[in-house]
Amino acid sequence: MTGLDTLRPRLPSPLQELSDPRFARHGLRLLLKRDDLIHPELIGNKWRKLAPNLTAAAGRTVVTFGGAYSNHLRATAAAGRLLGLPTVGVVRGEELADRPLNPSLARCTADGMRLHFVDRPTYRRKAEPDTLARVLRAAQAEDAYVVPEGGSNSLAVRGCRALGEELSGRADAVAIACGTGGTLAGLAAGLAPGMRCLGVPVLKGGFLSADIESLQRRAFGARCGDWTLDDRFHFGGYARTTPELDAFTEDFEHRHGLPVERLYVAKLLYGLVTLAEEGAFARGTAVAAVVTGRPFP
Ligand SMILES: Cc1ncc(COP(=O)(O)O)c(C=O)c1O
């Protein structure tokens, strides 16, 4: 019993239509799937991915991994505080151990998360059993329940299928920003036949299709759903931006009165506006953009 039910998630999350001439003039409807409103602290895909893992942890310490600004680390720390579960965050970058904590990591520790910093080569190999065992030993978390970076294991991917089910029959195309691709892997599997799903990777690399296929094979036994990725909107890579993206995002916030998360959601919305202007969607298409997060702080 993890007490998850006491957290009262707002599910299904609301679907909100926006009036935006950049879509309307191409005969398109723009809908926002407000997963950012599911829970004040377990925001968006964090709820969908963490909830099944917190249940599986069954009260054990939860250890997980992330970079210095990881949304996933913050959400795991918040879940730990809310549910009374000990949490350990393995953070990329040994050098950070000797510096003042940034606001994101400070929030993690304020929520009771114990931080353990590791060097980058070790962090890169953290999925290898020997390395993982060594890191867990050093972090004094050998018996802990391990959630991978970004939270994207099979339980999480299956948890994200509900997002697709909630959208079934409500839109023709669904678009989502991708980091590890776990959320898209589940979402696409839950969509009704005939619906398509578009992923916008925020990291540079072009490796994500294979990762998503492998996540789907592990979670569901096969590749599933009609999904594609558009690799043009990463703006140089994770957390990178340009004056053009910043101006676009501020304008979007202004037009619609919606605070836009910068690392993922901004790139998704920019990509969708570009695709609408390029005529990538047939007239009459209802496009749902998943709002997977909220700005921090
Ligand atoms: C706000 C937000 N949107 C999207 C994603 C991407 O999720 P995924 O790693 O499942 O692709 C993340 C990553 O955790 C996120 O924090």
# chains A, B, ... in the order shown; residues from 1 in each chain; ligands from 1
>>> closest_atom_pairs(of="range 93-208 of chain A", to="range 21-40 of chain A", cutoff="9 Å", atoms="only C-alpha atoms", output="CSV")
residue,atom,partner,partner_atom,distance
A:Leu163,CA,A:Asp35,CA,8.7
A:Leu167,CA,A:Lys33,CA,8.1
A:Ala171,CA,A:Leu31,CA,8.0
>>> write_last_selection(atoms="N, CA and C atoms", output="tab-separated table (two decimals), in the first residue's frame")
chain	number	residue	atom	x	y	z
A	163	LEU	N	-2.74	7.38	-21.28
A	163	LEU	CA	-2.78	8.69	-21.95
A	163	LEU	C	-3.37	8.55	-23.35
A	167	LEU	N	-7.17	9.84	-24.97
A	167	LEU	CA	-7.26	10.68	-26.17
A	167	LEU	C	-8.02	9.99	-27.31
A	171	ALA	N	-9.19	13.16	-30.91
A	171	ALA	CA	-8.29	13.90	-31.82
A	171	ALA	C	-7.93	12.95	-32.96
>>> residues_around(residues="range 202-209 of chain A", least_positions_apart="2", cutoff="8 Å", atoms="only C-alpha atoms", output="PyMOL selection string")
chain A and resi 177-181+200+211-213+229+231+233-238+263-264+267
>>> residues_near_ligand(ligand="ligand 1", cutoff="10 Å", atoms="only C-alpha atoms and all ligand atoms", output="PDB file with C-alpha atoms, in the first residue's frame")
ATOM      1  CA  ASP A  35      -1.309  16.405 -18.238  1.00  0.00           C
ATOM      2  CA  ASP A  36       0.406  19.259 -16.382  1.00  0.00           C
ATOM      3  CA  ILE A  43       3.250  16.572 -13.005  1.00  0.00           C
ATOM      4  CA  GLY A  44       2.268  15.175 -16.364  1.00  0.00           C
ATOM      5  CA  ASN A  45       4.089  12.093 -17.529  1.00  0.00           C
ATOM      6  CA  LYS A  46       5.736  11.892 -14.091  1.00  0.00           C
ATOM      7  CA  ARG A  48       1.823   8.249 -15.324  1.00  0.00           C
ATOM      8  CA  LYS A  49       5.328   6.769 -15.120  1.00  0.00           C
ATOM      9  CA  GLY A  66      19.131  12.129 -13.461  1.00  0.00           C
ATOM     10  CA  TYR A  69      18.067  19.798 -13.632  1.00  0.00           C
ATOM     11  CA  SER A  70      16.105  16.576 -13.967  1.00  0.00           C
ATOM     12  CA  ASN A  71      12.308  16.938 -13.736  1.00  0.00           C
ATOM     13  CA  HIS A  72      12.205  13.221 -13.017  1.00  0.00           C
ATOM     14  CA  LEU A  73      14.460  13.500  -9.939  1.00  0.00           C
ATOM     15  CA  ARG A  74      12.320  16.311  -8.552  1.00  0.00           C
ATOM     16  CA  ALA A  75       9.114  14.369  -9.112  1.00  0.00           C
ATOM     17  CA  GLU A 149      16.765   7.525 -15.741  1.00  0.00           C
ATOM     18  CA  GLY A 150      13.669   9.337 -16.973  1.00  0.00           C
ATOM     19  CA  GLY A 151      11.560   6.658 -15.273  1.00  0.00           C
ATOM     20  CA  SER A 152      11.063   4.781 -18.548  1.00  0.00           C
ATOM     21  CA  ASN A 153      10.860   1.092 -17.665  1.00  0.00           C
ATOM     22  CA  ALA A 156       6.085   3.213 -16.828  1.00  0.00           C
ATOM     23  CA  VAL A 157       5.487   2.596 -20.523  1.00  0.00           C
ATOM     24  CA  CYS A 160       1.478   5.837 -20.246  1.00  0.00           C
ATOM     25  CA  ILE A 176       4.400  14.824 -27.741  1.00  0.00           C
ATOM     26  CA  ALA A 177       7.953  15.879 -26.850  1.00  0.00           C
ATOM     27  CA  CYS A 178      10.365  13.009 -26.290  1.00  0.00           C
ATOM     28  CA  GLY A 179      13.387  12.536 -24.043  1.00  0.00           C
ATOM     29  CA  THR A 180      13.796   8.794 -23.512  1.00  0.00           C
ATOM     30  CA  GLY A 181      10.653   8.166 -25.584  1.00  0.00           C
ATOM     31  CA  GLY A 182       8.951   6.133 -22.845  1.00  0.00           C
ATOM     32  CA  THR A 183       5.880   8.341 -22.747  1.00  0.00           C
ATOM     33  CA  LEU A 184       5.403   8.146 -26.524  1.00  0.00           C
ATOM     34  CA  ALA A 185       5.933   4.371 -26.436  1.00  0.00           C
ATOM     35  CA  GLY A 186       2.947   3.971 -24.102  1.00  0.00           C
ATOM     36  CA  LEU A 187       0.810   6.750 -25.554  1.00  0.00           C
ATOM     37  CA  GLY A 199       7.138  12.602 -31.430  1.00  0.00           C
ATOM     38  CA  VAL A 200       9.420  15.642 -31.211  1.00  0.00           C
ATOM     39  CA  PRO A 201      12.797  14.590 -29.742  1.00  0.00           C
ATOM     40  CA  VAL A 202      14.438  17.331 -27.654  1.00  0.00           C
ATOM     41  CA  LEU A 203      17.822  15.596 -27.739  1.00  0.00           C
ATOM     42  CA  LEU A 208      15.384   7.415 -30.481  1.00  0.00           C
ATOM     43  CA  ILE A 212      11.165   3.437 -28.556  1.00  0.00           C
ATOM     44  CA  VAL A 260       5.205  26.879 -21.155  1.00  0.00           C
ATOM     45  CA  GLU A 261       7.837  24.420 -19.896  1.00  0.00           C
ATOM     46  CA  ARG A 262      11.031  25.242 -21.803  1.00  0.00           C
ATOM     47  CA  LEU A 263      12.983  21.968 -22.133  1.00  0.00           C
ATOM     48  CA  TYR A 264      10.264  19.886 -23.775  1.00  0.00           C
ATOM     49  CA  VAL A 265       6.909  21.584 -24.288  1.00  0.00           C
ATOM     50  CA  ALA A 266       8.305  24.710 -25.991  1.00  0.00           C
ATOM     51  CA  LEU A 268       6.908  20.544 -29.186  1.00  0.00           C
ATOM     52  CA  VAL A 290       0.397  16.769 -24.794  1.00  0.00           C
ATOM     53  CA  VAL A 291       1.480  19.276 -22.139  1.00  0.00           C
ATOM     54  CA  THR A 292       3.834  16.991 -20.266  1.00  0.00           C
ATOM     55  CA  GLY A 293       5.214  19.513 -17.818  1.00  0.00           C
ATOM     56  CA  ARG A 294       5.153  22.914 -16.220  1.00  0.00           C
ATOM     57  CA  PRO A 295       7.968  25.465 -15.871  1.00  0.00           C
ATOM     58  CA  PHE A 296      10.251  25.188 -12.847  1.00  0.00           C
TER      59      PHE A 296
END
>>> closest_atom_pairs(of="range 71-109 of chain A", to="range 62-65 of chain A", cutoff="7 Å", atoms="only C-alpha atoms", output="JSON lines")
{"residue": "A:Leu73", "atom": "CA", "partner": "A:Phe65", "partner_atom": "CA", "distance": 6.9}
{"residue": "A:Pro86", "atom": "CA", "partner": "A:Val62", "partner_atom": "CA", "distance": 6.4}
{"residue": "A:Thr87", "atom": "CA", "partner": "A:Val62", "partner_atom": "CA", "distance": 4.8}
{"residue": "A:Val88", "atom": "CA", "partner": "A:Val63", "partner_atom": "CA", "distance": 4.6}
{"residue": "A:Gly89", "atom": "CA", "partner": "A:Thr64", "partner_atom": "CA", "distance": 5.2}
{"residue": "A:Val90", "atom": "CA", "partner": "A:Phe65", "partner_atom": "CA", "distance": 4.7}
{"residue": "A:Val91", "atom": "CA", "partner": "A:Phe65", "partner_atom": "CA", "distance": 5.9}
>>> residues_around(residues="range 253-258 of chain A", least_positions_apart="2", cutoff="9 Å", atoms="only C-alpha atoms", output="list in words")
Leu18, Ser19, Asp20, Phe248, Thr249, Glu250, Asp251 and Val260 of chain A
>>> select_by_dssp(residues="range 140-231 of chain A", states="strand (DSSP E or B)", output="PDB file with C-alpha atoms, in the first residue's frame")
ATOM      1  CA  TYR A 145      13.823  -0.393  -5.856  1.00  0.00           C
ATOM      2  CA  VAL A 146      15.569   0.967  -8.952  1.00  0.00           C
ATOM      3  CA  ALA A 173      -3.227  13.218 -34.402  1.00  0.00           C
ATOM      4  CA  VAL A 174      -1.384  13.469 -31.103  1.00  0.00           C
ATOM      5  CA  ALA A 175       2.003  15.121 -30.656  1.00  0.00           C
ATOM      6  CA  ILE A 176       4.400  14.824 -27.741  1.00  0.00           C
ATOM      7  CA  ALA A 177       7.953  15.879 -26.850  1.00  0.00           C
ATOM      8  CA  CYS A 178      10.365  13.009 -26.290  1.00  0.00           C
ATOM      9  CA  ARG A 196      -1.404   8.839 -35.458  1.00  0.00           C
ATOM     10  CA  CYS A 197       1.226   9.981 -33.038  1.00  0.00           C
ATOM     11  CA  LEU A 198       4.105  12.347 -33.707  1.00  0.00           C
ATOM     12  CA  GLY A 199       7.138  12.602 -31.430  1.00  0.00           C
ATOM     13  CA  VAL A 200       9.420  15.642 -31.211  1.00  0.00           C
ATOM     14  CA  PRO A 201      12.797  14.590 -29.742  1.00  0.00           C
ATOM     15  CA  ASP A 226       1.159   4.490 -35.752  1.00  0.00           C
ATOM     16  CA  TRP A 227       4.009   6.756 -34.653  1.00  0.00           C
ATOM     17  CA  THR A 228       6.806   8.738 -36.292  1.00  0.00           C
ATOM     18  CA  LEU A 229       9.438  11.177 -35.052  1.00  0.00           C
TER      19      LEU A 229
END
>>> closest_residue(among="A:Pro14, A:Ser154, A:Thr6, A:Arg283", to="Arg170 in chain A", atoms="only C-alpha atoms")
A:Pro14
>>> select_by_dssp(residues="range 162-225 of chain A", states="alpha helix (DSSP H)", output="ChimeraX atom specification")
/A:162-167,182-190,208-220
>>> write_last_selection(atoms="N, CA and C atoms", output="compact mmCIF listing (two decimals), in the first residue's frame")
# COMPACT_ATOMS: atom_id res chain seq x y z
N ALA A 162 -2.48 4.69 -20.79
CA ALA A 162 -3.75 5.34 -20.42
C ALA A 162 -3.88 6.72 -21.07
N LEU A 163 -2.74 7.38 -21.28
CA LEU A 163 -2.78 8.69 -21.95
C LEU A 163 -3.37 8.55 -23.35
N GLY A 164 -2.95 7.53 -24.08
CA GLY A 164 -3.50 7.27 -25.41
C GLY A 164 -4.97 6.91 -25.33
N GLU A 165 -5.32 6.10 -24.34
CA GLU A 165 -6.72 5.69 -24.22
C GLU A 165 -7.61 6.90 -23.94
N GLU A 166 -7.10 7.83 -23.10
CA GLU A 166 -7.90 9.02 -22.79
C GLU A 166 -8.12 9.88 -24.04
N LEU A 167 -7.17 9.84 -24.97
CA LEU A 167 -7.26 10.68 -26.17
C LEU A 167 -8.02 9.99 -27.31
N GLY A 182 9.83 7.06 -23.57
CA GLY A 182 8.95 6.13 -22.84
C GLY A 182 7.50 6.57 -22.87
N THR A 183 7.27 7.87 -22.77
CA THR A 183 5.88 8.34 -22.75
C THR A 183 5.23 8.08 -24.10
N LEU A 184 5.95 8.40 -25.19
CA LEU A 184 5.40 8.15 -26.52
C LEU A 184 5.16 6.65 -26.73
N ALA A 185 6.07 5.82 -26.25
CA ALA A 185 5.93 4.37 -26.44
C ALA A 185 4.59 3.89 -25.87
N GLY A 186 4.21 4.38 -24.70
CA GLY A 186 2.95 3.97 -24.10
C GLY A 186 1.76 4.66 -24.76
N LEU A 187 1.89 5.96 -24.94
CA LEU A 187 0.81 6.75 -25.55
C LEU A 187 0.38 6.14 -26.89
N ALA A 188 1.36 5.88 -27.77
CA ALA A 188 1.03 5.38 -29.11
C ALA A 188 0.32 4.04 -29.02
N ALA A 189 0.69 3.24 -28.03
CA ALA A 189 0.07 1.91 -27.90
C ALA A 189 -1.39 2.03 -27.45
N GLY A 190 -1.74 3.15 -26.80
CA GLY A 190 -3.10 3.28 -26.27
C GLY A 190 -4.08 3.96 -27.22
N LEU A 208 16.54 7.65 -31.33
CA LEU A 208 15.38 7.41 -30.48
C LEU A 208 14.40 6.38 -31.03
N SER A 209 14.26 6.29 -32.35
CA SER A 209 13.29 5.32 -32.91
C SER A 209 13.59 3.91 -32.40
N ALA A 210 14.87 3.54 -32.46
CA ALA A 210 15.25 2.19 -32.03
C ALA A 210 14.95 2.02 -30.54
N ASP A 211 15.21 3.06 -29.75
CA ASP A 211 14.94 2.97 -28.30
C ASP A 211 13.44 2.77 -28.04
N ILE A 212 12.61 3.52 -28.78
CA ILE A 212 11.16 3.44 -28.56
C ILE A 212 10.66 2.05 -28.97
N GLU A 213 11.15 1.56 -30.09
CA GLU A 213 10.75 0.20 -30.51
C GLU A 213 11.11 -0.81 -29.44
N SER A 214 12.29 -0.65 -28.88
CA SER A 214 12.71 -1.63 -27.88
C SER A 214 11.89 -1.47 -26.60
N LEU A 215 11.55 -0.24 -26.22
CA LEU A 215 10.66 -0.05 -25.05
C LEU A 215 9.30 -0.70 -25.30
N GLN A 216 8.79 -0.55 -26.52
CA GLN A 216 7.47 -1.15 -26.82
C GLN A 216 7.55 -2.67 -26.84
N ARG A 217 8.65 -3.19 -27.38
CA ARG A 217 8.77 -4.66 -27.42
C ARG A 217 8.82 -5.23 -26.00
N ARG A 218 9.55 -4.52 -25.12
CA ARG A 218 9.65 -5.03 -23.74
C ARG A 218 8.31 -4.89 -23.00
N ALA A 219 7.60 -3.79 -23.26
CA ALA A 219 6.35 -3.54 -22.51
C ALA A 219 5.17 -4.31 -23.09
N PHE A 220 5.12 -4.43 -24.44
CA PHE A 220 3.91 -4.98 -25.08
C PHE A 220 4.19 -6.18 -25.98
>>> atom_distance(atom1="CA of Arg92 in chain A", atom2="CA of Pro121 in chain A")
9.2 Å
>>> residues_around(residues="Ala78 in chain A", least_positions_apart="3", cutoff="10 Å", atoms="only C-alpha atoms", output="list in words")
Glu41, Leu42, His72, Leu73, Arg74, Ala75, Arg81, Leu82, Leu83, Gly84, Leu85, Thr87, Arg107, Cys108, Thr109, Ala110, Asp111, Gly112 and Met113 of chain A
>>> closest_residue(among="A:Gly59, A:Gly80, A:Gly159, A:Pro100", to="Ala144 in chain A", atoms="only C-alpha atoms")
A:Gly59
>>> closest_residue(among="A:Asp230, A:Asp246, A:Asp172, A:Glu142", to="Phe281 in chain A", atoms="only C-alpha atoms")
A:Asp172
